[in-house]
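Below you'll find the structure, written out as structure tokens, and then a few comments.
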Amino acid sequence: MNKDRRKRLEAIREKVEEIKTEFESVAQDLIDIGAEEQEAFDNMNEGLQASETGQRIEAAADALSNAVGEIENVDLQAVLDGIDEAAG
């Protein structure tokens, strides 16, 4: 790989590192909000849990958990490993 392509590849690697860090931060924020929603649901009495509001809170907690799972499914480390392999 020539110097120019190697330099461009390094810039891309740095961007992917930044994205990875941002994904981790976003995932943690979603985990925190989801935990708050789940706690709100868990602190409701059974009647409120079964209500429309209770069901919306529980659904929001589940949706946030699923969103975190999707973020975690993005394998940015594999992207970084591929870049490193290409750079030699």
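For the structure tokens, the naming scheme is as follows: chains receive sequential letters (A, B, ...) according to their order of presentation, residues are indexed from 1 within each chain, and ligands are indexed from 1 in presentation order.
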If we count only C-alpha atoms, what is near region 76-85 of chain A at a cut-off of 12 Å, once residues fewer than 6 positions away on the same chain are taken out, given as a ChimeraX atom specification? /A:1,5-24
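Taking only C-alpha atoms, the non-local environment of region 57-73 of chain A within 10 Å (same-chain residues fewer than 2 positions away omitted) comprises Lys20, Phe23, Glu24, Val26, Ala27, Gln28, Asp29, Leu30, Ile31, Asp32, Ile33, Gly34, Ala35, Glu36, Glu37, Gln38, Glu39, Ala40, Phe41, Asp42, Gln49, Ala50, Ser51, Glu52, Thr53, Gly54, Gln55, Asp75 and Leu76 of chain A.
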